[in-house]
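Containing TSV, C-alpha atoms: protein.tsv.
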chain	number	residue	atom	x	y	z
A	92	MET	CA	21.30	-11.80	-5.43
A	93	LYS	CA	23.39	-9.47	-3.33
A	94	LYS	CA	22.19	-8.85	0.21
A	95	ILE	CA	23.71	-7.74	3.45
A	96	PHE	CA	23.25	-10.09	6.37
A	97	CYS	CA	22.80	-8.48	9.78
A	98	VAL	CA	22.81	-11.43	12.14
A	99	LEU	CA	23.38	-10.32	15.69
A	100	ALA	CA	24.17	-12.08	18.91
A	101	ALA	CA	21.83	-9.87	20.93
A	102	ALA	CA	18.54	-8.25	20.08
A	103	ALA	CA	19.52	-4.84	21.36
A	104	MET	CA	23.00	-4.49	19.85
A	105	MET	CA	23.77	-1.33	17.86
A	106	VAL	CA	25.09	-2.25	14.42
A	107	SER	CA	25.56	-0.70	11.03
A	108	CYS	CA	23.34	-2.05	8.24
A	109	GLY	CA	23.73	-0.55	4.79
A	110	GLY	CA	25.76	2.31	6.22
A	111	GLN	CA	23.20	3.29	8.84
A	112	LYS	CA	23.22	2.52	12.54
A	113	SER	CA	20.16	0.71	13.78
A	114	GLU	CA	19.07	-1.33	16.76
A	115	GLN	CA	18.17	-4.71	15.32
A	116	ALA	CA	16.78	-8.07	16.31
A	117	SER	CA	18.85	-11.11	15.32
A	118	GLY	CA	18.56	-12.91	12.01
A	119	LEU	CA	17.62	-10.07	9.66
A	120	GLU	CA	18.49	-10.60	6.01
A	121	LEU	CA	18.51	-7.00	4.84
A	122	MET	CA	18.89	-5.77	1.29
A	123	ASN	CA	22.27	-4.30	0.35
A	124	ARG	CA	22.15	-0.52	0.25
A	125	GLU	CA	24.62	-0.47	-2.65
A	126	ASN	CA	22.08	-2.26	-4.85
A	127	PHE	CA	19.79	0.77	-4.54
A	128	GLN	CA	22.30	3.60	-4.88
A	129	THR	CA	21.93	5.02	-8.37
A	130	THR	CA	20.53	7.99	-10.26
A	131	VAL	CA	17.11	8.03	-11.93
A	132	ASP	CA	16.02	10.99	-14.04
A	133	GLY	CA	18.93	12.97	-12.63
A	134	LYS	CA	17.99	12.38	-8.97
A	135	LYS	CA	19.79	10.20	-6.46
A	136	VAL	CA	18.15	7.01	-5.23
A	137	ASP	CA	19.12	5.27	-2.00
A	138	LEU	CA	17.95	2.70	0.55
A	139	TYR	CA	17.22	3.65	4.17
A	140	THR	CA	16.98	1.31	7.16
A	141	LEU	CA	14.64	2.34	9.99
A	142	THR	CA	13.99	0.62	13.32
A	143	ASN	CA	12.18	1.16	16.59
A	144	GLY	CA	14.20	-1.60	18.28
A	145	THR	CA	11.59	-4.29	17.61
A	146	ILE	CA	10.56	-3.94	13.97
A	147	THR	CA	12.86	-2.96	11.11
A	148	MET	CA	11.93	-1.48	7.75
A	149	GLN	CA	13.85	-0.62	4.60
A	150	VAL	CA	12.62	2.16	2.32
A	151	THR	CA	13.84	3.46	-1.03
A	152	ASN	CA	13.00	6.96	-2.17
A	153	PHE	CA	12.15	5.67	-5.65
A	154	GLY	CA	8.38	5.65	-5.35
A	155	ALA	CA	8.72	5.89	-1.54
A	156	ARG	CA	8.68	2.10	-1.53
A	157	VAL	CA	8.83	-0.16	1.51
A	158	VAL	CA	11.30	-2.83	0.41
A	159	SER	CA	11.29	-4.96	3.57
A	160	LEU	CA	9.50	-4.98	6.92
A	161	TRP	CA	10.67	-7.35	9.66
A	162	THR	CA	8.36	-8.21	12.58
A	163	PRO	CA	8.48	-10.97	15.24
A	164	ASP	CA	6.07	-13.89	15.54
A	165	ARG	CA	4.69	-15.09	18.89
A	166	GLU	CA	7.99	-16.89	19.58
A	167	GLY	CA	10.08	-13.85	18.70
A	168	LYS	CA	11.22	-15.21	15.33
A	169	MET	CA	11.60	-12.46	12.75
A	170	ALA	CA	10.20	-12.54	9.22
A	171	ASP	CA	9.98	-10.03	6.40
A	172	ILE	CA	6.23	-9.67	5.86
A	173	VAL	CA	6.08	-7.47	2.73
A	174	LEU	CA	6.78	-8.31	-0.89
A	175	GLY	CA	9.66	-6.55	-2.61
A	176	TYR	CA	12.68	-6.73	-4.90
A	177	GLU	CA	16.38	-7.02	-4.15
A	178	ASN	CA	17.66	-4.12	-6.27
A	179	ILE	CA	16.53	-0.82	-7.73
A	180	ASP	CA	16.69	-1.99	-11.36
A	181	ARG	CA	13.71	-4.29	-10.87
A	182	TYR	CA	11.58	-1.41	-9.58
A	183	VAL	CA	12.70	1.09	-12.22
A	184	ASN	CA	12.33	-1.35	-15.11
A	185	ASN	CA	9.07	-2.71	-13.70
A	186	THR	CA	9.97	-6.37	-14.03
A	187	GLY	CA	6.89	-7.84	-12.36
A	188	GLU	CA	4.28	-6.21	-10.16
A	189	ARG	CA	4.77	-2.44	-10.43
A	190	PHE	CA	3.24	-1.30	-7.14
A	191	LEU	CA	5.09	-3.41	-4.55
A	192	GLY	CA	5.46	-1.34	-1.38
A	193	ALA	CA	4.84	1.98	-3.12
A	194	VAL	CA	2.81	5.06	-2.40
A	195	VAL	CA	0.22	5.37	-5.19
A	196	GLY	CA	-1.53	8.42	-6.68
A	197	ARG	CA	-1.98	11.27	-7.31
A	198	VAL	CA	-5.26	9.38	-7.56
A	199	ALA	CA	-5.06	5.86	-6.15
A	200	ASN	CA	-7.17	3.09	-7.62
A	201	ARG	CA	-9.09	3.46	-10.89
A	202	ILE	CA	-10.58	6.27	-12.96
A	203	GLY	CA	-13.16	5.02	-15.45
A	204	ALA	CA	-11.99	5.35	-19.07
A	205	GLY	CA	-9.31	7.76	-17.79
A	206	LYS	CA	-11.71	10.70	-17.99
A	207	PHE	CA	-12.98	13.29	-15.53
A	208	THR	CA	-14.29	16.86	-15.62
A	209	LEU	CA	-13.38	19.81	-13.41
A	210	ASP	CA	-15.12	23.19	-13.83
A	211	GLY	CA	-16.39	22.17	-17.24
A	212	LYS	CA	-13.00	21.06	-18.59
A	213	GLU	CA	-12.46	17.42	-19.47
A	214	TYR	CA	-9.17	15.80	-18.55
A	215	ASN	CA	-7.77	12.61	-20.03
A	216	THR	CA	-5.31	10.42	-18.16
A	217	PRO	CA	-3.26	7.43	-19.41
A	218	LEU	CA	-5.11	4.16	-19.89
A	219	ASN	CA	-2.71	1.79	-18.18
A	220	ASN	CA	-5.11	-0.91	-16.96
A	221	ASN	CA	-7.66	-2.52	-19.25
A	222	GLY	CA	-8.79	0.80	-20.71
A	223	GLN	CA	-8.80	2.57	-17.32
A	224	THR	CA	-6.35	4.74	-15.39
A	225	LEU	CA	-4.87	2.88	-12.41
A	226	HIS	CA	-2.95	4.46	-9.51
A	227	GLY	CA	-2.20	7.74	-11.27
A	228	GLY	CA	-1.20	6.56	-14.74
A	229	LEU	CA	2.19	5.91	-16.32
A	230	LYS	CA	4.31	7.84	-13.81
A	231	GLY	CA	2.06	8.46	-10.84
A	232	VAL	CA	3.96	9.05	-7.61
A	233	ASP	CA	5.43	5.54	-7.57
A	234	MET	CA	7.70	5.77	-10.64
A	235	VAL	CA	9.49	8.97	-9.60
A	236	VAL	CA	12.25	9.81	-7.14
A	237	TRP	CA	11.13	11.52	-3.93
A	238	ASP	CA	13.36	14.00	-2.14
A	239	VAL	CA	14.51	12.87	1.30
A	240	ALA	CA	13.87	15.80	3.63
A	241	GLN	CA	14.90	14.10	6.89
A	242	VAL	CA	15.96	10.70	8.20
A	243	THR	CA	16.15	9.60	11.83
A	244	GLU	CA	16.60	6.15	13.33
A	245	ASN	CA	12.87	5.40	13.19
A	246	ALA	CA	11.43	7.82	10.59
A	247	ILE	CA	11.88	9.25	7.12
A	248	VAL	CA	10.29	12.41	5.68
A	249	LEU	CA	9.83	12.39	1.91
A	250	HIS	CA	8.84	15.26	-0.37
A	251	LEU	CA	7.63	15.39	-3.97
A	252	LEU	CA	6.57	18.24	-6.23
A	253	LEU	CA	4.46	16.60	-8.92
A	254	PRO	CA	4.36	19.00	-11.88
A	255	ASP	CA	1.18	20.36	-13.42
A	256	GLY	CA	0.13	18.10	-16.30
A	257	THR	CA	1.88	14.94	-15.05
A	258	ASP	CA	-0.16	12.02	-16.39
A	259	GLY	CA	-2.75	14.56	-17.55
A	260	PHE	CA	-3.71	15.84	-14.08
A	261	PRO	CA	-3.93	19.58	-13.40
A	262	GLY	CA	-1.97	21.46	-10.75
A	263	ASN	CA	1.49	21.41	-9.23
A	264	LEU	CA	0.90	19.01	-6.36
A	265	ASP	CA	3.25	19.51	-3.41
A	266	ILE	CA	3.33	16.37	-1.21
A	267	THR	CA	5.09	15.69	2.08
A	268	MET	CA	4.85	12.16	3.45
A	269	THR	CA	6.34	10.67	6.60
A	270	TYR	CA	6.97	7.01	7.44
A	271	THR	CA	7.43	6.39	11.17
A	272	LEU	CA	8.03	3.26	13.23
A	273	THR	CA	6.49	4.19	16.57
A	274	PRO	CA	7.35	2.77	20.03
A	275	GLU	CA	3.97	0.96	19.87
A	276	ASN	CA	5.19	-1.15	16.90
A	277	GLU	CA	3.18	0.84	14.41
A	278	PHE	CA	4.14	1.73	10.86
A	279	GLU	CA	2.52	5.14	10.52
A	280	VAL	CA	2.06	6.92	7.19
A	281	THR	CA	1.07	10.58	7.14
A	282	TYR	CA	0.35	12.62	4.01
A	283	ASN	CA	0.04	16.37	3.46
A	284	ALA	CA	-0.47	17.96	0.05
A	285	THR	CA	-1.32	21.31	-1.50
A	286	THR	CA	-2.00	22.44	-5.06
A	287	ASP	CA	-1.87	25.67	-7.05
A	288	LYS	CA	-4.73	24.60	-9.34
A	289	LYS	CA	-7.95	22.71	-8.75
A	290	THR	CA	-7.16	19.00	-8.97
A	291	ILE	CA	-8.06	15.60	-7.55
A	292	VAL	CA	-6.05	13.72	-4.93
A	293	ASN	CA	-6.44	10.28	-3.36
A	294	LEU	CA	-3.12	8.92	-2.10
A	295	SER	CA	-2.65	5.44	-0.63
A	296	HIS	CA	0.01	2.99	0.52
A	297	HIS	CA	0.37	-0.24	-1.45
A	298	SER	CA	2.45	-2.77	0.47
A	299	PHE	CA	1.55	-6.40	-0.17
A	300	PHE	CA	1.55	-8.30	3.14
A	301	ASN	CA	1.96	-11.96	4.03
A	302	LEU	CA	2.11	-12.37	7.80
A	303	LYS	CA	3.97	-15.67	7.36
A	304	GLY	CA	6.70	-13.84	5.44
A	305	GLU	CA	7.30	-13.10	1.77
A	306	ALA	CA	6.63	-16.21	-0.33
A	307	GLY	CA	5.45	-17.90	2.86
A	308	GLY	CA	2.48	-19.59	1.24
A	309	THR	CA	-1.20	-18.89	0.84
A	310	ILE	CA	-2.97	-15.98	2.53
A	311	THR	CA	-6.35	-17.69	2.27
A	312	ASP	CA	-5.88	-18.94	5.85
A	313	HIS	CA	-5.29	-15.40	7.17
A	314	ILE	CA	-8.23	-14.22	9.29
A	315	LEU	CA	-9.62	-10.82	8.25
A	316	THR	CA	-11.98	-8.36	9.90
A	317	ILE	CA	-13.19	-5.20	8.14
A	318	LYS	CA	-15.36	-2.63	9.86
A	319	ALA	CA	-17.65	-1.98	6.89
A	320	ASP	CA	-21.38	-2.34	6.19
A	321	ALA	CA	-21.09	-1.90	2.41
A	322	ILE	CA	-18.85	-2.16	-0.63
A	323	THR	CA	-18.83	-0.15	-3.85
A	324	PRO	CA	-19.66	-2.83	-6.46
A	325	VAL	CA	-17.82	-2.72	-9.78
A	326	ASP	CA	-18.37	-3.61	-13.42
A	327	ALA	CA	-16.27	-6.05	-15.42
A	328	ASN	CA	-13.52	-3.39	-15.73
A	329	LEU	CA	-13.45	-2.97	-11.93
A	330	ILE	CA	-14.97	0.53	-12.13
A	331	PRO	CA	-17.58	1.33	-9.45
A	332	THR	CA	-21.17	1.41	-10.63
A	333	GLY	CA	-21.93	4.21	-8.18
A	334	GLU	CA	-24.04	2.00	-5.94
A	335	LEU	CA	-23.42	0.98	-2.35
A	336	MET	CA	-24.02	-2.74	-1.82
A	337	PRO	CA	-24.70	-3.92	1.76
A	338	VAL	CA	-22.37	-6.72	2.85
A	339	GLU	CA	-25.06	-8.44	4.91
A	340	GLY	CA	-25.52	-12.01	3.68
A	341	THR	CA	-22.66	-11.81	1.14
A	342	PRO	CA	-19.06	-13.08	0.93
A	343	PHE	CA	-17.99	-9.48	1.60
A	344	ASP	CA	-19.22	-9.38	5.19
A	345	PHE	CA	-16.07	-9.26	7.31
A	346	ARG	CA	-17.65	-7.46	10.25
A	347	GLU	CA	-16.89	-10.66	12.15
A	348	PRO	CA	-13.56	-12.45	11.53
A	349	HIS	CA	-13.44	-14.83	8.56
A	350	ALA	CA	-10.64	-16.71	6.82
A	351	ILE	CA	-9.97	-15.02	3.49
A	352	GLY	CA	-10.36	-18.34	1.66
A	353	GLU	CA	-13.61	-19.28	3.36
A	354	ARG	CA	-15.85	-17.65	0.73
A	355	ILE	CA	-13.43	-16.46	-1.94
A	356	GLU	CA	-14.66	-19.03	-4.49
A	357	ALA	CA	-18.34	-18.23	-3.94
A	358	ASP	CA	-20.55	-17.85	-7.01
A	359	HIS	CA	-20.80	-14.06	-6.92
A	360	GLU	CA	-20.36	-11.61	-9.78
A	361	GLN	CA	-18.17	-9.26	-7.72
A	362	LEU	CA	-15.72	-12.06	-6.93
A	363	LYS	CA	-15.64	-13.13	-10.56
A	364	ASN	CA	-14.89	-9.57	-11.73
A	365	GLY	CA	-11.76	-9.39	-9.58
A	366	LYS	CA	-10.82	-13.10	-9.67
A	367	GLY	CA	-11.22	-12.96	-5.89
A	368	TYR	CA	-11.35	-10.03	-3.49
A	369	ASP	CA	-10.43	-6.72	-5.15
A	370	LEU	CA	-13.00	-4.22	-3.92
A	371	ASN	CA	-13.51	-1.04	-1.94
A	372	TRP	CA	-15.12	-1.40	1.50
A	373	VAL	CA	-17.02	1.61	2.87
A	374	ILE	CA	-15.93	2.06	6.46
A	375	ALA	CA	-18.63	2.26	9.13
A	376	ARG	CA	-17.09	5.19	10.94
A	377	GLU	CA	-17.84	6.22	14.51
A	378	ASP	CA	-16.42	9.71	14.10
A	379	ASN	CA	-15.59	11.15	10.67
A	380	GLY	CA	-12.11	12.53	10.44
A	381	GLN	CA	-10.69	10.59	13.38
A	382	VAL	CA	-8.07	7.86	13.11
A	383	GLU	CA	-9.65	4.56	14.13
A	384	THR	CA	-9.01	0.86	13.55
A	385	VAL	CA	-10.92	-0.30	10.47
A	386	ALA	CA	-9.41	-3.73	9.73
A	387	THR	CA	-7.47	-6.53	11.40
A	388	LEU	CA	-5.45	-9.27	9.72
A	389	TYR	CA	-4.38	-12.34	11.75
A	390	GLU	CA	-2.21	-15.30	10.76
A	391	PRO	CA	-2.82	-18.21	13.18
A	392	THR	CA	0.43	-20.16	12.67
A	393	SER	CA	2.82	-17.33	13.45
A	394	GLY	CA	0.42	-15.45	15.70
A	395	ARG	CA	1.15	-12.22	13.86
A	396	CYS	CA	-1.61	-9.62	13.82
A	397	MET	CA	-1.87	-6.37	11.91
A	398	ASP	CA	-4.43	-3.67	12.69
A	399	VAL	CA	-5.11	-1.02	10.06
A	400	ALA	CA	-6.21	2.38	11.34
A	401	THR	CA	-7.07	5.46	9.27
A	402	ASP	CA	-9.01	8.69	9.03
A	403	GLN	CA	-10.20	7.78	5.53
A	404	VAL	CA	-13.69	6.68	4.46
A	405	ALA	CA	-12.76	3.44	2.71
A	406	ILE	CA	-10.27	0.62	2.34
A	407	GLN	CA	-9.41	-1.49	-0.71
A	408	PHE	CA	-8.87	-5.18	0.06
A	409	TYR	CA	-7.00	-7.10	-2.63
A	410	SER	CA	-6.18	-10.79	-2.21
A	411	GLY	CA	-3.25	-11.09	-4.64
A	412	ASN	CA	-5.35	-12.62	-7.42
A	413	PHE	CA	-3.15	-11.55	-10.33
A	414	PHE	CA	0.18	-12.92	-9.10
A	415	ASP	CA	1.04	-16.11	-10.98
A	416	GLY	CA	4.56	-17.06	-9.89
A	417	THR	CA	6.20	-15.64	-13.01
A	418	TYR	CA	8.37	-13.25	-11.02
A	419	ASN	CA	10.54	-13.92	-7.99
A	420	GLY	CA	10.66	-11.73	-4.91
A	421	LYS	CA	13.75	-10.40	-3.16
A	422	TYR	CA	14.73	-13.79	-1.70
A	423	GLY	CA	14.57	-15.62	-5.02
A	424	LYS	CA	11.20	-17.29	-4.44
A	425	PRO	CA	8.23	-16.89	-6.82
A	426	LEU	CA	5.43	-14.50	-5.90
A	427	LYS	CA	2.40	-16.72	-6.34
A	428	PHE	CA	-1.38	-16.53	-6.67
A	429	ARG	CA	-3.08	-15.38	-3.46
A	430	GLU	CA	0.10	-15.26	-1.41
A	431	SER	CA	-0.26	-11.60	-0.41
A	432	VAL	CA	-2.83	-9.08	0.80
A	433	ALA	CA	-3.07	-5.35	0.13
A	434	LEU	CA	-5.15	-3.18	2.47
A	435	GLU	CA	-5.16	0.35	1.03
A	436	THR	CA	-6.86	3.15	2.96
A	437	GLN	CA	-8.41	5.66	0.59
A	438	LYS	CA	-11.43	7.49	-0.70
A	439	HIS	CA	-13.69	5.61	-3.12
A	440	PRO	CA	-12.32	4.65	-6.56
A	441	ASP	CA	-13.47	6.80	-9.50
A	442	ALA	CA	-15.00	9.23	-6.98
A	443	ILE	CA	-14.66	12.20	-9.32
A	444	ASN	CA	-17.19	10.56	-11.66
A	445	HIS	CA	-19.78	9.79	-8.95
A	446	ASP	CA	-21.46	12.71	-7.22
A	447	ASN	CA	-22.66	10.49	-4.36
A	448	PHE	CA	-19.09	9.48	-3.39
A	449	PRO	CA	-16.97	11.55	-0.98
A	450	SER	CA	-15.09	14.19	-2.95
A	451	THR	CA	-11.45	13.83	-3.98
A	452	ILE	CA	-11.21	17.45	-5.20
A	453	LEU	CA	-8.44	19.61	-3.76
A	454	ASN	CA	-8.57	23.38	-4.27
A	455	PRO	CA	-5.78	25.95	-3.97
A	456	GLY	CA	-5.56	27.15	-0.39
A	457	GLU	CA	-6.74	23.79	0.98
A	458	GLU	CA	-4.57	21.04	2.46
A	459	TYR	CA	-5.01	17.36	1.78
A	460	LYS	CA	-4.29	15.29	4.89
A	461	GLN	CA	-4.39	11.57	5.50
A	462	VAL	CA	-3.17	9.14	8.16
A	463	CYS	CA	-2.77	5.37	7.82
A	464	VAL	CA	-1.36	3.21	10.61
A	465	TYR	CA	-0.39	-0.47	10.41
A	466	LYS	CA	0.03	-1.81	13.97
A	467	PHE	CA	1.86	-5.12	14.55
A	468	TYR	CA	1.50	-7.48	17.52
A	469	THR	CA	1.03	-11.19	18.26
A	470	LYS	CA	-1.49	-13.41	19.94
Would you kindly transcribe this structure into structure tokens?
Amino acid sequence: MKKIFCVLAAAAMMVSCGGQKSEQASGLELMNRENFQTTVDGKKVDLYTLTNGTITMQVTNFGARVVSLWTPDREGKMADIVLGYENIDRYVNNTGERFLGAVVGRVANRIGAGKFTLDGKEYNTPLNNNGQTLHGGLKGVDMVVWDVAQVTENAIVLHLLLPDGTDGFPGNLDITMTYTLTPENEFEVTYNATTDKKTIVNLSHHSFFNLKGEAGGTITDHILTIKADAITPVDANLIPTGELMPVEGTPFDFREPHAIGERIEADHEQLKNGKGYDLNWVIAREDNGQVETVATLYEPTSGRCMDVATDQVAIQFYSGNFFDGTYNGKYGKPLKFRESVALETQKHPDAINHDNFPSTILNPGEEYKQVCVYKFYTK
């Protein structure tokens, strides 16, 4: 495994990592930029290192993936808290979990039987997950190269024109997305998209987090809070039934903090369907359309905390139930069962097939907007 080691004597020293200057904390084991410099489908791929002086993130424009994200614990010790791979080949050839660190869409989550209807016309999308369409299909927005519009020390602007008919979806979808590390130690994701034909859009970010560090052990001892009064229950194929199920009195009530493992083995059909937590929580919003904190993840040993804020109506919580240790992460350690958490802000899964769910339809002349913010701190 080829990496570049940026180990500094002082936390505020300016150094060059992977060909880019960045202000880094000591002890960062960053991926080698050369291992990501290639061409895919005729477009150049690269690796970009961003920092705000406290946290450091590496991003590749293949699938707009976050490859590494270094944050301090309560003692100031740095750890890379997202799962990823050490070179571009593993992402392109999909050796392991496909969605590590990626943006997903054009429709995140699942579409039942890969079918939906717009203005009386039925569309069929690839069945890439147990007879359903997951995260946009075979290509989506995660298996393509995004154009890099701008890079600064702490931000990257990415652009993608997703052609009409990609994975069976209508409309040329023009997406601009920005990743920013703010002075407040936030990783902010903003999305803007337009279309020239009526379509459906539901983008989301899909980093897998372990606040102990990648391959740092179980996440069942992480403490989770979700500001939600209901979930959208699913069938055996993880497709929403269309109902809203109150969380009161169930293992899905995270309105007060609970360890993830506290109730994960409860005898409940919804836990059995996903082999643990893999469901959409309906956010109890104070003000629709405003960015507000909807979830908090806390790891007691390191003291690391992560708040998730969004303007979206829902969040998917997935407890890493389908990792089995078959594949190693970027540091050569196996990615194991329930050793990562995904918290994906979104609209409801399969919304196009449920009239009672918030709409995912985007019309020409309209603009899709979304904000998701992961804020890091310790206690």
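Counting from atom CA of Gly333 of chain A, the distance to atom CA of Ile314 of chain A is 28.9 Å.
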- Query: So how many Å separate atom CA of Val404 of chain A and atom CA of His439 of chain A, to one decimal?
  - Reply: 7.7 Å
- Query: Near segment 354-358 of chain A, within 12 Å and counting all atoms listed in the file, which residues show up once chain neighbours fewer than 2 positions away are dropped, as a ChimeraX atom specification?
  - Reply: /A:310-312,314-315,340-345,349-352,360-369,409-412,429
- Message: Report as a list of chain:residue names all protein, DNA and RNA residues lying within 9 Å of Asp441 of chain A, evaluated on only C-alpha atoms, omitting residues in the same chain fewer than 2 positions from it.
- Response: A:Val198, A:Asn200, A:Arg201, A:Ile202, A:Gly203, A:Phe207, A:Ile330, A:Pro331, A:Gly333, A:His439, A:Ile443, A:Asn444, A:His445, A:Phe448
Would you export the selected residues with C-alpha atoms as a short mmCIF file (atom, residue, chain, number, x, y, z; two decimals), in the coordinates of the input, please?
data_model
loop_
_atom_site.label_atom_id
_atom_site.label_comp_id
_atom_site.auth_asym_id
_atom_site.auth_seq_id
_atom_site.Cartn_x
_atom_site.Cartn_y
_atom_site.Cartn_z
CA VAL A 198 -5.26 9.38 -7.56
CA ASN A 200 -7.17 3.09 -7.62
CA ARG A 201 -9.09 3.46 -10.89
CA ILE A 202 -10.58 6.27 -12.96
CA GLY A 203 -13.16 5.02 -15.45
CA PHE A 207 -12.98 13.29 -15.53
CA ILE A 330 -14.97 0.53 -12.13
CA PRO A 331 -17.58 1.33 -9.45
CA GLY A 333 -21.93 4.21 -8.18
CA HIS A 439 -13.69 5.61 -3.12
CA ILE A 443 -14.66 12.20 -9.32
CA ASN A 444 -17.19 10.56 -11.66
CA HIS A 445 -19.78 9.79 -8.95
CA PHE A 448 -19.09 9.48 -3.39
#
- From atom CA of Tyr465 of chain A to atom CA of Met336 of chain A the spacing works out at 26.7 Å
- Nearest to Lys421 of chain A among A:Glu347, A:Asp171, A:Asp398, A:Glu458, with distances taken over only C-alpha atoms: which residue is it?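 Under the stated criterion, the closest residue is A:Asp171.
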- Query: Of the residues A:Thr286, A:Thr387, A:Asn178, A:Ser450, which is the one nearest to His313 of chain A, using all atoms listed in the file?
  - Reply: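 Of all the options, A:Thr387 lies closest to His313 of chain A.
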- Which one of A:Asn454, A:Asn143, A:Gln407, A:Thr130 sits closest to Ala319 of chain A if you count all atoms listed in the file?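 Using all atoms listed in the file, Ala319 of chain A sits closest to A:Gln407.
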Write out as JSON lines the residues of segment 172-197 of chain A that have any atom within 10 Å of an atom of segment 292-302 of chain A, one row each with the nearest atom pair and its distance in Å to one decimal, counting all atoms listed in the file, sorted by chain and then rising number.
{"residue": "A:Ile172", "atom": "CA", "partner": "A:Asn301", "partner_atom": "CA", "distance": 5.2}
{"residue": "A:Val173", "atom": "CA", "partner": "A:Phe300", "partner_atom": "CA", "distance": 4.6}
{"residue": "A:Leu174", "atom": "CA", "partner": "A:Phe299", "partner_atom": "CA", "distance": 5.6}
{"residue": "A:Gly175", "atom": "CA", "partner": "A:Phe299", "partner_atom": "CA", "distance": 8.5}
{"residue": "A:Phe190", "atom": "CA", "partner": "A:His297", "partner_atom": "CA", "distance": 6.5}
{"residue": "A:Leu191", "atom": "CA", "partner": "A:Ser298", "partner_atom": "CA", "distance": 5.7}
{"residue": "A:Gly192", "atom": "CA", "partner": "A:Ser298", "partner_atom": "CA", "distance": 3.8}
{"residue": "A:Ala193", "atom": "CA", "partner": "A:His297", "partner_atom": "CA", "distance": 5.3}
{"residue": "A:Val194", "atom": "CA", "partner": "A:His296", "partner_atom": "CA", "distance": 4.5}
{"residue": "A:Val195", "atom": "CA", "partner": "A:Ser295", "partner_atom": "CA", "distance": 5.4}
{"residue": "A:Gly196", "atom": "CA", "partner": "A:Leu294", "partner_atom": "CA", "distance": 4.9}
{"residue": "A:Arg197", "atom": "CA", "partner": "A:Val292", "partner_atom": "CA", "distance": 5.3}
- Task: Would you please work out which residue, of A:Asp287, A:Asp210, A:Glu275, A:Leu229, is nearest to Leu252 of chain A when using all atoms listed in the file?
- Result: A:Asp287
- Message: I'd like to know which of A:Asp180, A:Ile291, A:Ala199, A:Glu279 is closest to Asp255 of chain A, using only C-alpha atoms.
- Response: A:Ile291
- Task: Between A:Pro455, A:Leu119, A:Glu166, A:Val464, single out the one closest to Asp265 of chain A, counting all atoms listed in the file.
- Result: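 Residue with the minimum atom-to-atom distance to Asp265 of chain A: A:Pro455.
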- Task: Considering all atoms listed in the file, return as a list in words whatever protein or nucleic-acid residues lie within 12 Å of Lys470 of chain A, sequence-local ones (same chain, fewer than 6 positions apart) excluded.
- Result: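 Close residues of Lys470 of chain A: Pro163, Asp164, Arg165, Glu166, Gly167, Leu388, Tyr389, Glu390, Pro391, Thr392, Ser393, Gly394, Arg395, Cys396 and Met397 of chain A.
If you count all atoms listed in the file and ignore residues fewer than 5 places along the chain from Glu188 of chain A, what sits within 9 Å of it is Tyr182, Phe414 and Tyr418 of chain A.
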Counting all atoms listed in the file, I want the residues whose atoms come within 7 Å of (-19.7, 1.8, 1.8) in the file frame, returned as a short mmCIF file (atom, residue, chain, number, x, y, z; two decimals) with C-alpha atoms, keeping the file's coordinate frame.
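Here's the written file selection-v4.cif:
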data_model
loop_
_atom_site.label_atom_id
_atom_site.label_comp_id
_atom_site.auth_asym_id
_atom_site.auth_seq_id
_atom_site.Cartn_x
_atom_site.Cartn_y
_atom_site.Cartn_z
CA ALA A 319 -17.65 -1.98 6.89
CA ASP A 320 -21.38 -2.34 6.19
CA ALA A 321 -21.09 -1.90 2.41
CA ILE A 322 -18.85 -2.16 -0.63
CA THR A 323 -18.83 -0.15 -3.85
CA LEU A 335 -23.42 0.98 -2.35
CA TRP A 372 -15.12 -1.40 1.50
CA VAL A 373 -17.02 1.61 2.87
CA ILE A 374 -15.93 2.06 6.46
#
Can you fill out segment 216-221 of chain A with N, CA, C and O atoms and hand it back as a CSV table (one decimal), keeping the file's coordinate frame?
chain,number,residue,atom,x,y,z
A,216,THR,N,-6.5,11.0,-18.8
A,216,THR,CA,-5.3,10.4,-18.2
A,216,THR,C,-5.0,9.1,-18.8
A,216,THR,O,-5.8,8.5,-19.5
A,217,PRO,N,-3.7,8.6,-18.7
A,217,PRO,CA,-3.3,7.4,-19.4
A,217,PRO,C,-4.1,6.2,-19.1
A,217,PRO,O,-4.4,5.9,-17.9
A,218,LEU,N,-4.4,5.4,-20.1
A,218,LEU,CA,-5.1,4.2,-19.9
A,218,LEU,C,-4.1,3.0,-19.7
A,218,LEU,O,-3.6,2.4,-20.7
A,219,ASN,N,-3.8,2.8,-18.5
A,219,ASN,CA,-2.7,1.8,-18.2
A,219,ASN,C,-3.2,0.5,-17.5
A,219,ASN,O,-2.4,-0.3,-17.1
A,220,ASN,N,-4.6,0.3,-17.6
A,220,ASN,CA,-5.1,-0.9,-17.0
A,220,ASN,C,-6.5,-1.2,-17.6
A,220,ASN,O,-7.5,-0.7,-17.2
A,221,ASN,N,-6.4,-2.0,-18.6
A,221,ASN,CA,-7.7,-2.5,-19.2
A,221,ASN,C,-8.6,-1.4,-19.7
A,221,ASN,O,-9.8,-1.4,-19.4
